[in-house]
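Student: TSV, C-alpha atoms and all ligand atoms, saved as my_file_35.tsv, coming up:
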```
chain	number	residue	atom	x	y	z
A	1	MET	CA	2.59	-2.17	-14.17
A	2	GLN	CA	2.73	1.49	-15.20
A	3	ASP	CA	1.77	1.95	-18.89
A	4	VAL	CA	1.51	-1.83	-19.33
A	5	THR	CA	-1.32	-3.35	-17.31
A	6	ASP	CA	-3.34	-0.20	-17.89
A	7	LEU	CA	-6.97	0.44	-18.78
A	8	ALA	CA	-6.36	-0.55	-22.42
A	9	PHE	CA	-4.90	-3.87	-21.31
A	10	MET	CA	-7.71	-4.48	-18.79
A	11	ARG	CA	-10.33	-3.80	-21.47
A	12	THR	CA	-8.46	-6.04	-23.87
A	13	LEU	CA	-8.57	-8.93	-21.40
A	14	ALA	CA	-12.31	-8.42	-21.04
A	15	ARG	CA	-12.84	-8.39	-24.80
A	16	ILE	CA	-10.78	-11.51	-25.44
A	17	GLY	CA	-12.58	-13.33	-22.61
A	18	SER	CA	-9.60	-14.00	-20.35
A	19	LEU	CA	-9.89	-12.17	-17.03
A	20	PRO	CA	-8.18	-12.59	-13.66
A	21	ASP	CA	-10.08	-12.46	-10.35
A	22	LEU	CA	-8.47	-9.21	-9.28
A	23	PHE	CA	-6.61	-6.24	-10.75
A	24	VAL	CA	-4.13	-3.96	-8.99
A	25	THR	CA	-3.37	-0.47	-10.29
A	26	ALA	CA	0.20	0.66	-10.81
A	27	TYR	CA	1.30	2.63	-7.77
A	28	PHE	CA	0.05	6.08	-6.91
A	29	ARG	CA	3.06	7.94	-5.49
A	30	SER	CA	2.26	9.31	-2.07
A	31	THR	CA	4.49	12.09	-0.72
A	32	PRO	CA	3.96	14.89	1.83
A	33	THR	CA	3.77	17.57	-0.87
A	34	THR	CA	2.03	15.79	-3.68
A	35	CYS	CA	-1.00	13.66	-3.88
A	36	ALA	CA	0.12	12.14	-7.15
A	37	ILE	CA	-3.17	10.69	-8.22
A	38	ALA	CA	-1.95	9.78	-11.70
A	39	GLU	CA	-4.63	10.15	-14.32
A	40	ALA	CA	-3.84	6.87	-16.09
A	41	ASN	CA	-4.19	4.97	-12.80
A	42	LEU	CA	-7.38	6.80	-11.93
A	43	ARG	CA	-8.89	5.80	-15.24
A	44	CYS	CA	-8.20	2.14	-14.43
A	45	ILE	CA	-10.47	2.60	-11.42
A	46	GLU	CA	-13.12	4.98	-12.73
A	47	GLU	CA	-13.55	3.36	-16.13
A	48	ASN	CA	-13.15	-0.25	-15.03
A	49	GLU	CA	-16.13	-1.92	-16.67
A	50	THR	CA	-14.57	-5.38	-16.72
A	51	GLY	CA	-16.53	-6.60	-13.69
A	52	VAL	CA	-13.22	-7.49	-12.01
A	53	PRO	CA	-12.51	-5.73	-8.69
A	54	ILE	CA	-9.45	-3.49	-8.59
A	55	LEU	CA	-7.10	-2.58	-5.74
A	56	ALA	CA	-5.49	0.87	-5.65
A	57	GLN	CA	-1.79	0.66	-4.89
A	58	LEU	CA	0.12	3.34	-2.98
A	59	ALA	CA	3.88	3.81	-2.80
A	60	GLY	CA	5.15	6.05	-0.02
A	61	SER	CA	7.31	6.14	3.07
A	62	GLU	CA	5.36	8.38	5.41
A	63	PRO	CA	2.15	7.32	7.11
A	64	ALA	CA	0.36	10.68	6.97
A	65	PRO	CA	0.44	11.14	3.17
A	66	LEU	CA	-0.33	7.46	2.67
A	67	VAL	CA	-3.36	7.76	4.92
A	68	ARG	CA	-4.45	11.00	3.21
A	69	ASP	CA	-4.25	9.40	-0.25
A	70	ALA	CA	-5.80	6.11	0.86
A	71	GLU	CA	-8.77	8.00	2.29
A	72	ARG	CA	-9.22	9.76	-1.02
A	73	LEU	CA	-8.90	6.57	-3.04
A	74	LEU	CA	-11.36	4.76	-0.77
A	75	GLN	CA	-14.05	7.16	-2.06
A	76	LEU	CA	-13.64	5.55	-5.48
A	77	PRO	CA	-14.97	2.19	-6.68
A	78	ILE	CA	-12.02	0.12	-5.45
A	79	ALA	CA	-11.87	-3.22	-3.67
A	80	GLY	CA	-9.13	-2.02	-1.34
A	81	ILE	CA	-5.78	-0.38	-0.74
A	82	ASN	CA	-2.45	-2.08	-1.47
A	83	LEU	CA	0.85	-0.84	-0.03
A	84	ASN	CA	3.81	-1.19	-2.40
A	85	ALA	CA	6.87	-2.51	-0.56
A	86	GLY	CA	8.54	-3.96	-3.62
A	87	CYS	CA	9.25	-1.35	-6.27
A	88	PRO	CA	13.03	-1.43	-7.00
A	89	SER	CA	13.23	1.91	-8.81
A	90	PRO	CA	16.13	4.01	-7.44
A	91	LEU	CA	13.95	7.11	-7.81
A	92	VAL	CA	11.35	5.63	-5.49
A	93	ASN	CA	13.81	3.89	-3.15
A	94	ARG	CA	15.84	7.09	-2.66
A	95	HIS	CA	12.86	8.42	-0.72
A	96	GLY	CA	12.49	5.20	1.25
A	97	ALA	CA	9.40	4.05	-0.63
A	98	GLY	CA	8.68	0.79	-2.51
A	99	ALA	CA	11.35	-1.77	-1.64
A	100	GLY	CA	13.06	1.01	0.35
A	101	LEU	CA	10.61	0.18	3.15
A	102	LEU	CA	12.27	-3.22	3.50
A	103	ARG	CA	15.50	-1.75	4.84
A	104	ASP	CA	13.79	0.45	7.39
A	105	LEU	CA	11.49	-1.75	9.42
A	106	PRO	CA	10.26	0.95	11.83
A	107	THR	CA	9.06	2.95	8.81
A	108	LEU	CA	7.54	-0.14	7.22
A	109	ARG	CA	5.73	-0.75	10.53
A	110	ALA	CA	4.47	2.84	10.75
A	111	CYS	CA	3.16	2.79	7.17
A	112	LEU	CA	1.49	-0.59	7.61
A	113	GLN	CA	-0.07	0.37	10.94
A	114	GLY	CA	-1.17	3.77	9.68
A	115	LEU	CA	-2.98	2.28	6.72
A	116	ARG	CA	-4.37	-0.64	8.69
A	117	ALA	CA	-5.97	1.80	11.09
A	118	ILE	CA	-8.05	3.51	8.40
A	119	VAL	CA	-8.62	0.88	5.70
A	120	PRO	CA	-11.80	-1.12	6.33
A	121	HIS	CA	-11.59	-4.77	7.28
A	122	GLY	CA	-11.13	-6.99	4.24
A	123	GLN	CA	-9.64	-4.22	2.11
A	124	PHE	CA	-6.00	-3.84	3.15
A	125	SER	CA	-3.19	-5.65	1.37
A	126	VAL	CA	0.55	-5.35	0.96
A	127	LYS	CA	2.86	-6.31	-1.88
A	128	CYS	CA	6.49	-6.94	-0.97
A	129	ARG	CA	9.77	-8.38	-2.08
A	130	THR	CA	11.72	-10.73	0.19
A	131	GLY	CA	14.36	-8.29	1.40
A	132	TRP	CA	16.57	-5.44	0.33
A	133	ALA	CA	19.84	-7.31	-0.16
A	134	ALA	CA	19.17	-10.90	0.92
A	135	ALA	CA	16.25	-13.17	1.68
A	136	ASP	CA	17.48	-13.79	5.22
A	137	GLU	CA	15.88	-10.40	5.95
A	138	PHE	CA	12.48	-11.85	5.12
A	139	PRO	CA	11.46	-13.34	8.51
A	140	ALA	CA	11.75	-9.92	10.19
A	141	ILE	CA	9.80	-8.29	7.33
A	142	LEU	CA	7.13	-10.96	7.58
A	143	ALA	CA	6.86	-10.35	11.34
A	144	GLU	CA	6.10	-6.67	10.65
A	145	ILE	CA	3.53	-7.56	8.04
A	146	ALA	CA	1.92	-10.18	10.28
A	147	ALA	CA	1.66	-7.65	13.13
A	148	ALA	CA	-0.29	-5.27	10.89
A	149	THR	CA	-2.85	-8.00	10.09
A	150	PRO	CA	-3.36	-7.26	6.38
A	151	ASP	CA	-6.23	-9.03	4.67
A	152	LEU	CA	-4.08	-10.18	1.74
A	153	ALA	CA	-0.39	-10.22	0.84
A	154	MET	CA	1.39	-10.54	-2.48
A	155	VAL	CA	5.00	-11.67	-2.44
A	156	HIS	CA	7.36	-11.17	-5.35
A	157	GLY	CA	9.91	-13.86	-4.53
A	158	ARG	CA	12.99	-11.75	-5.20
A	159	THR	CA	15.05	-9.31	-3.17
A	160	ARG	CA	15.40	-5.71	-4.28
A	161	LYS	CA	19.03	-6.44	-5.09
A	162	ALA	CA	17.93	-9.12	-7.58
A	163	LEU	CA	15.86	-6.54	-9.50
A	164	TYR	CA	14.32	-8.61	-12.33
A	165	SER	CA	17.32	-10.89	-12.99
A	166	PRO	CA	16.36	-14.22	-14.54
A	167	GLY	CA	16.61	-17.21	-12.24
A	168	THR	CA	16.49	-15.21	-9.01
A	169	VAL	CA	12.93	-15.97	-7.88
A	170	GLN	CA	13.03	-18.04	-4.69
A	171	PRO	CA	9.76	-19.99	-4.36
A	172	GLU	CA	10.65	-21.13	-0.82
A	173	THR	CA	10.29	-17.52	0.33
A	174	ILE	CA	6.66	-17.59	-0.80
A	175	ARG	CA	6.15	-20.74	1.29
A	176	GLN	CA	7.70	-18.88	4.23
A	177	ALA	CA	5.13	-16.11	3.80
A	178	VAL	CA	2.26	-18.61	3.55
A	179	THR	CA	3.36	-20.07	6.90
A	180	ALA	CA	4.09	-16.77	8.64
A	181	LEU	CA	1.02	-14.74	7.67
A	182	ASN	CA	-2.56	-15.14	8.82
A	183	CYS	CA	-3.98	-14.03	5.48
A	184	PRO	CA	-4.05	-15.41	1.93
A	185	VAL	CA	-0.70	-15.05	0.17
A	186	LEU	CA	-0.42	-14.63	-3.59
A	187	GLY	CA	2.90	-15.73	-5.06
A	188	ASN	CA	4.50	-13.69	-7.80
A	189	GLY	CA	7.55	-13.77	-10.03
A	190	ASP	CA	8.29	-15.12	-13.51
A	191	ILE	CA	5.10	-17.16	-13.92
A	192	THR	CA	4.63	-17.35	-17.69
A	193	THR	CA	3.11	-20.75	-18.51
A	194	LEU	CA	0.12	-22.82	-17.43
A	195	PRO	CA	2.25	-25.67	-15.96
A	196	GLN	CA	4.24	-23.14	-13.88
A	197	ALA	CA	1.03	-21.47	-12.69
A	198	ARG	CA	-0.45	-24.83	-11.73
A	199	HIS	CA	2.75	-25.84	-9.97
A	200	TRP	CA	2.71	-22.67	-7.83
A	201	LEU	CA	-0.98	-23.10	-7.01
A	202	THR	CA	-0.55	-26.74	-6.03
A	203	HIS	CA	2.79	-26.67	-4.26
A	204	ILE	CA	3.63	-23.12	-3.22
A	205	CYS	CA	0.72	-20.75	-2.66
A	206	PRO	CA	-2.73	-22.37	-2.90
A	207	ALA	CA	-4.51	-19.06	-2.22
A	208	GLY	CA	-3.44	-17.69	-5.58
A	209	ILE	CA	-0.83	-16.25	-7.86
A	210	MET	CA	-0.17	-12.83	-9.31
A	211	ILE	CA	0.92	-12.63	-12.94
A	212	GLY	CA	2.43	-9.51	-14.49
A	213	ARG	CA	4.64	-9.75	-17.55
A	214	GLY	CA	3.51	-13.30	-18.29
A	215	ALA	CA	-0.04	-12.05	-18.82
A	216	VAL	CA	1.08	-9.47	-21.35
A	217	ARG	CA	3.07	-12.16	-23.17
A	218	ASN	CA	0.16	-14.62	-23.13
A	219	PRO	CA	-3.06	-12.93	-22.00
A	220	TYR	CA	-4.95	-16.20	-22.44
A	221	LEU	CA	-3.26	-17.62	-19.30
A	222	PHE	CA	-6.29	-16.60	-17.24
A	223	ARG	CA	-8.65	-18.42	-19.62
A	224	GLN	CA	-6.36	-21.47	-19.51
A	225	LEU	CA	-6.30	-21.40	-15.69
A	226	ARG	CA	-10.10	-21.57	-15.78
A	227	GLY	CA	-9.95	-24.69	-17.96
A	228	GLY	CA	-10.19	-22.89	-21.30
A	229	ALA	CA	-8.22	-23.48	-24.47
A	230	ALA	CA	-4.60	-22.60	-25.08
A	231	PRO	CA	-4.21	-19.68	-27.50
A	232	THR	CA	-4.03	-20.34	-31.22
A	233	ASP	CA	-2.16	-18.08	-33.62
A	234	ASP	CA	-5.53	-16.52	-34.48
A	235	ASP	CA	-6.18	-15.82	-30.80
A	236	MET	CA	-2.88	-13.95	-30.60
A	237	HIS	CA	-3.73	-11.92	-33.72
A	238	HIS	CA	-7.07	-11.07	-32.13
A	239	TYR	CA	-5.31	-10.03	-28.89
A	240	PHE	CA	-2.96	-7.65	-30.66
A	241	ALA	CA	-5.74	-6.24	-32.88
A	242	VAL	CA	-7.89	-5.50	-29.82
A	243	LEU	CA	-4.92	-4.01	-27.95
A	244	VAL	CA	-4.24	-1.67	-30.88
A	245	GLU	CA	-7.89	-0.56	-30.80
A	246	GLU	CA	-7.97	-0.11	-27.04
A	247	THR	CA	-4.71	1.84	-26.87
A	248	ASN	CA	-6.10	4.06	-29.61
A	249	LEU	CA	-9.15	4.78	-27.45
A	250	ILE	CA	-7.06	5.43	-24.33
A	251	LEU	CA	-4.68	7.79	-26.07
A	252	HIS	CA	-7.49	9.47	-28.06
A	253	THR	CA	-6.67	13.16	-28.54
A	254	LYS	CA	-3.05	12.89	-27.40
A	255	ARG	CA	-2.25	10.25	-30.00
A	256	THR	CA	0.15	10.54	-32.89
A	257	ALA	CA	0.93	7.60	-35.21
A	258	ALA	CA	4.41	7.22	-33.74
A	259	GLY	CA	3.05	7.73	-30.22
A	260	HIS	CA	0.56	4.93	-30.77
A	261	CYS	CA	3.37	2.62	-31.95
A	262	ASN	CA	5.51	3.58	-28.98
A	263	ARG	CA	2.67	2.80	-26.65
A	264	MET	CA	2.23	-0.63	-28.24
A	265	LYS	CA	5.96	-1.26	-27.78
A	266	LYS	CA	5.49	-1.05	-24.00
A	267	TYR	CA	3.45	-4.27	-24.22
A	268	LEU	CA	5.49	-5.83	-27.01
A	269	ALA	CA	8.63	-5.62	-24.82
A	270	PHE	CA	7.26	-8.68	-23.03
A	271	CYS	CA	6.39	-10.55	-26.24
A	272	TYR	CA	9.55	-10.21	-28.33
A	273	ASN	CA	10.98	-13.42	-26.90
A	274	TYR	CA	8.54	-15.53	-28.90
A	275	PHE	CA	8.54	-13.47	-32.09
A	276	THR	CA	10.98	-14.28	-34.87
A	277	PRO	CA	14.11	-12.09	-34.97
A	278	GLU	CA	12.78	-10.51	-38.18
A	279	GLN	CA	9.44	-9.69	-36.57
A	280	GLU	CA	11.15	-8.27	-33.51
A	281	TYR	CA	13.52	-6.18	-35.62
A	282	ALA	CA	10.69	-4.73	-37.71
A	283	LEU	CA	8.42	-4.08	-34.71
A	284	ARG	CA	11.11	-2.32	-32.70
A	285	ARG	CA	11.64	0.10	-35.57
A	286	CYS	CA	8.00	0.55	-36.48
A	287	THR	CA	6.55	4.06	-36.50
A	288	ASP	CA	3.41	3.32	-38.49
A	289	ILE	CA	0.54	1.59	-36.72
A	290	SER	CA	-0.75	-0.08	-39.92
A	291	ASP	CA	2.68	-1.64	-40.47
A	292	MET	CA	2.71	-2.74	-36.87
A	293	GLN	CA	-0.74	-4.33	-37.19
A	294	ARG	CA	0.31	-6.14	-40.34
A	295	ILE	CA	3.35	-7.65	-38.64
A	296	LEU	CA	1.37	-8.57	-35.52
A	297	SER	CA	-1.14	-10.44	-37.69
A	298	THR	CA	1.65	-12.85	-38.68
A	299	VAL	CA	3.04	-13.85	-35.26
A	300	SER	CA	2.64	-17.32	-33.78
A	301	ALA	CA	1.39	-18.12	-30.31
A	302	PRO	CA	4.20	-18.66	-27.77
A	303	ALA	CA	5.52	-22.20	-28.20
A	304	ASP	CA	5.15	-22.86	-24.46
A	305	SER	CA	1.52	-21.68	-24.27
A	306	GLY	CA	-0.02	-24.89	-25.55
A	307	GLN	CA	0.91	-27.22	-22.71
A	308	ASN	CA	-1.96	-28.17	-20.41
B	401	LIG	C1	7.30	-2.15	-16.26
B	401	LIG	C2	6.94	-2.70	-14.92
B	401	LIG	C3	6.19	-1.92	-14.06
B	401	LIG	C4	5.84	-2.40	-12.80
B	401	LIG	N1	5.07	-1.63	-11.98
B	401	LIG	C5	4.67	-2.12	-10.78
B	401	LIG	C6	3.82	-1.36	-9.91
B	401	LIG	O1	3.46	-0.21	-10.19
B	401	LIG	N2	3.44	-1.94	-8.75
B	401	LIG	C7	3.83	-3.21	-8.38
B	401	LIG	O2	3.44	-3.70	-7.33
B	401	LIG	N3	4.65	-3.93	-9.17
B	401	LIG	C8	5.06	-3.41	-10.35
B	401	LIG	N4	5.88	-4.17	-11.15
B	401	LIG	C9	6.31	-5.50	-10.68
B	401	LIG	C10	5.31	-6.58	-11.10
B	401	LIG	O3	4.05	-6.35	-10.50
B	401	LIG	C11	5.80	-7.96	-10.66
B	401	LIG	O4	5.91	-8.01	-9.26
B	401	LIG	C12	7.12	-8.36	-11.28
B	401	LIG	O5	7.19	-7.98	-12.63
B	401	LIG	C13	7.34	-9.88	-11.18
B	401	LIG	O6	6.22	-10.57	-11.65
B	401	LIG	P1	6.07	-11.06	-13.18
B	401	LIG	O7	7.28	-11.89	-13.48
B	401	LIG	O8	4.78	-11.85	-13.18
B	401	LIG	O9	6.02	-9.84	-14.03
B	401	LIG	C14	6.27	-3.69	-12.39
B	401	LIG	C15	7.03	-4.46	-13.26
B	401	LIG	C16	7.38	-3.99	-14.50
B	401	LIG	C17	8.24	-4.86	-15.40
```
Starting from the file, give its structure as structure tokens.
Tutor:
Amino acid sequence: MQDVTDLAFMRTLARIGSLPDLFVTAYFRSTPTTCAIAEANLRCIEENETGVPILAQLAGSEPAPLVRDAERLLQLPIAGINLNAGCPSPLVNRHGAGAGLLRDLPTLRACLQGLRAIVPHGQFSVKCRTGWAAADEFPAILAEIAAATPDLAMVHGRTRKALYSPGTVQPETIRQAVTALNCPVLGNGDITTLPQARHWLTHICPAGIMIGRGAVRNPYLFRQLRGGAAPTDDDMHHYFAVLVEETNLILHTKRTAAGHCNRMKKYLAFCYNYFTPEQEYALRRCTDISDMQRILSTVSAPADSGQN
């Protein structure tokens, strides 16, 4: 997630001892004219000292630029290439990329086949939503994905039309993908607690799950999934203190006090729902990083993070 699950966040997970098995970069935008190898994404790859493999994600709608950029990225220390067929941004979709690929199956096919042809065995994956407007589009999308024989697929169980609306994840679509594809399928969408994560792993997608916003909200989920302890209030204070330090390092020369606060707010956007209204109010208005740190040292762990 651009500017959220970035190098600072990855390093923070390593320092707090709660790491996933795999990272995926935010998408590199691949177009005929630009090879938008975004610096922040590149740093996630080149400075990844977490020990966790990372996939480089590409968003595009033309095979040739995707292949060109994948070949370049494959020179870097990555575990593979991931094609983004899920981004709902109008800016991206206008050019047919991201979830835009889901309403143009010949283009989806060409992009999948083009990448499959050059990405080594074991290193090609695709991340998709379940359709553009409705999940009844999903079987045809899955047929295209299956034909390209990816090595891994991640399914965000929403259509593009559903954007991020609460209550719109359809777990049965993940089961559909598990049945239709000959590769491991990671289920994704609104997993925020340990019981939910366990439920998905047991009943929906045994190969694995992908957690985005839920991991920013409670980064100790990975530790919990490995049998470790639920976060205490002190753990959460430690998390935010480390994140402040790591964002400071990432921003280094470009940082201003307000800029540092604004950067922290990109993560806090996914945490406000368990802060008190007073804490949220103060944090949203904060322009001084010391004030921000002081407030963050008073928050409680999410009430739903303690269930095992
Ligand atoms: C701010 C933001 C940025 C995102 N950027 C990407 C991205 O670059 N690539 C991608 O595959 N998904 C991206 N996503 C989608 C997430 O990976 C994920 O599929 C979605 O948020 C649902 O999962 P979650 O509920 O666990 O967050 C982004 C989501 C958000 C909120």
Student: Which residues of chain A sit at most 10 Å from ligand LIG 401 (chain B), using all atoms listed in the file? Give each one's shortest atom pair and distance in Å (one decimal place), in chain and ascending residue order, as CSV.
Tutor:
```
residue,atom,partner,partner_atom,distance
A:Met1,CA,B:LIG401,N1,3.4
A:Gln2,CA,B:LIG401,C3,5.0
A:Asp3,CA,B:LIG401,C1,7.4
A:Val4,CA,B:LIG401,C1,6.6
A:Thr5,CA,B:LIG401,C3,8.3
A:Val24,CA,B:LIG401,O2,7.8
A:Thr25,CA,B:LIG401,O1,6.8
A:Ala26,CA,B:LIG401,O1,3.4
A:Tyr27,CA,B:LIG401,O1,4.3
A:Phe28,CA,B:LIG401,O1,7.9
A:Arg29,CA,B:LIG401,O1,9.4
A:Asn41,CA,B:LIG401,O1,9.6
A:Ala56,CA,B:LIG401,N2,9.9
A:Gln57,CA,B:LIG401,N2,7.0
A:Leu58,CA,B:LIG401,N2,8.5
A:Ala59,CA,B:LIG401,N2,8.3
A:Asn82,CA,B:LIG401,O2,8.5
A:Leu83,CA,B:LIG401,O2,8.3
A:Asn84,CA,B:LIG401,O2,5.5
A:Ala85,CA,B:LIG401,O2,7.7
A:Gly86,CA,B:LIG401,O2,6.3
A:Cys87,CA,B:LIG401,N3,6.0
A:Pro88,CA,B:LIG401,C9,8.7
A:Ser89,CA,B:LIG401,C4,9.4
A:Gly98,CA,B:LIG401,O2,8.4
A:Ala99,CA,B:LIG401,O2,9.9
A:Val126,CA,B:LIG401,O2,8.9
A:Lys127,CA,B:LIG401,O2,6.1
A:Cys128,CA,B:LIG401,O2,7.8
A:Arg129,CA,B:LIG401,O4,8.2
A:Met154,CA,B:LIG401,O4,8.5
A:Val155,CA,B:LIG401,O4,7.8
A:His156,CA,B:LIG401,O4,5.2
A:Gly157,CA,B:LIG401,C13,8.2
A:Arg158,CA,B:LIG401,C13,8.4
A:Leu163,CA,B:LIG401,C12,9.1
A:Tyr164,CA,B:LIG401,O5,7.2
A:Pro166,CA,B:LIG401,O7,9.4
A:Val169,CA,B:LIG401,C13,8.9
A:Gly187,CA,B:LIG401,O6,9.0
A:Asn188,CA,B:LIG401,O6,5.2
A:Gly189,CA,B:LIG401,O6,3.8
A:Asp190,CA,B:LIG401,O7,3.4
A:Ile191,CA,B:LIG401,O8,5.4
A:Thr192,CA,B:LIG401,O8,7.1
A:Ile209,CA,B:LIG401,O8,8.9
A:Met210,CA,B:LIG401,O8,6.4
A:Ile211,CA,B:LIG401,O8,3.9
A:Gly212,CA,B:LIG401,O8,3.6
A:Arg213,CA,B:LIG401,O9,3.8
A:Gly214,CA,B:LIG401,O8,5.5
A:Ala215,CA,B:LIG401,O8,7.4
A:Val216,CA,B:LIG401,O9,8.8
A:Arg217,CA,B:LIG401,O9,9.9
A:Lys266,CA,B:LIG401,C1,8.0
A:Tyr267,CA,B:LIG401,C1,9.1
A:Ala269,CA,B:LIG401,C1,9.3
A:Phe270,CA,B:LIG401,C17,8.6
```
Student: Using only C-alpha atoms, pick whichever of A:Arg116, A:Leu249, A:Gly306, A:Thr159 has the shortest atom-to-atom distance to Ala229 of chain A.
Tutor: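 So, comparing all the options, the nearest one is A:Gly306.
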Student: Which one is closest to Asp104 of chain A: A:Val185, A:Ala207, A:Ala147, A:Ala140? Count only C-alpha atoms.
Tutor: A:Ala140
Student: Looking at A:Met236, A:Ala110, A:Ala14, A:Leu19, which one is nearest to Pro65 of chain A, with distances taken over only C-alpha atoms?
Tutor: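 Among the listed residues, the smallest separation from Pro65 of chain A belongs to A:Ala110.
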Student: To one decimal place in Å, what is the distance between atom CA of Thr33 of chain A and atom CA of Arg68 of chain A?
Tutor: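 Between atom CA of Thr33 of chain A and atom CA of Arg68 of chain A the gap is 11.3 Å.
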Student: Using only C-alpha atoms, which protein or nucleic acid residues come within 12 Å of Ala148 of chain A? Drop anything in the same chain fewer than 3 positions from it, and give the result as a list in words.
Tutor: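 My reading of the contact set: Leu83, Leu108, Arg109, Ala110, Cys111, Leu112, Gln113, Gly114, Leu115, Arg116, Ala117, Ile118, Val119, His121, Phe124, Ser125, Val126, Ile141, Leu142, Ala143, Glu144, Ile145, Asp151, Leu152, Ala153, Leu181, Asn182 and Cys183 of chain A.
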Student: Measuring atom to atom with all atoms listed in the file, identify which of A:Pro63, A:Val52, A:Tyr272, A:Arg175 is nearest to Thr202 of chain A.
Tutor: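 Checking each candidate against Thr202 of chain A, we get A:Arg175 as the closest.
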Student: If we count only C-alpha atoms and set the cut-off at 10 Å, which residues sit around His95 of chain A, ignoring sequence neighbours fewer than 2 positions away in its own chain? Please answer as a list of chain:residue names.
Tutor: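 Once the nearby chain positions are removed, what remains is A:Thr31, A:Gly60, A:Ser61, A:Glu62, A:Pro90, A:Leu91, A:Val92, A:Asn93, A:Ala97, A:Gly98, A:Gly100, A:Leu101.
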Student: Given the choices A:Leu296, A:Glu137, A:Arg255, A:Thr12, which gets closest to Leu268 of chain A if the distance is worked out from only C-alpha atoms?
Tutor: A:Leu296
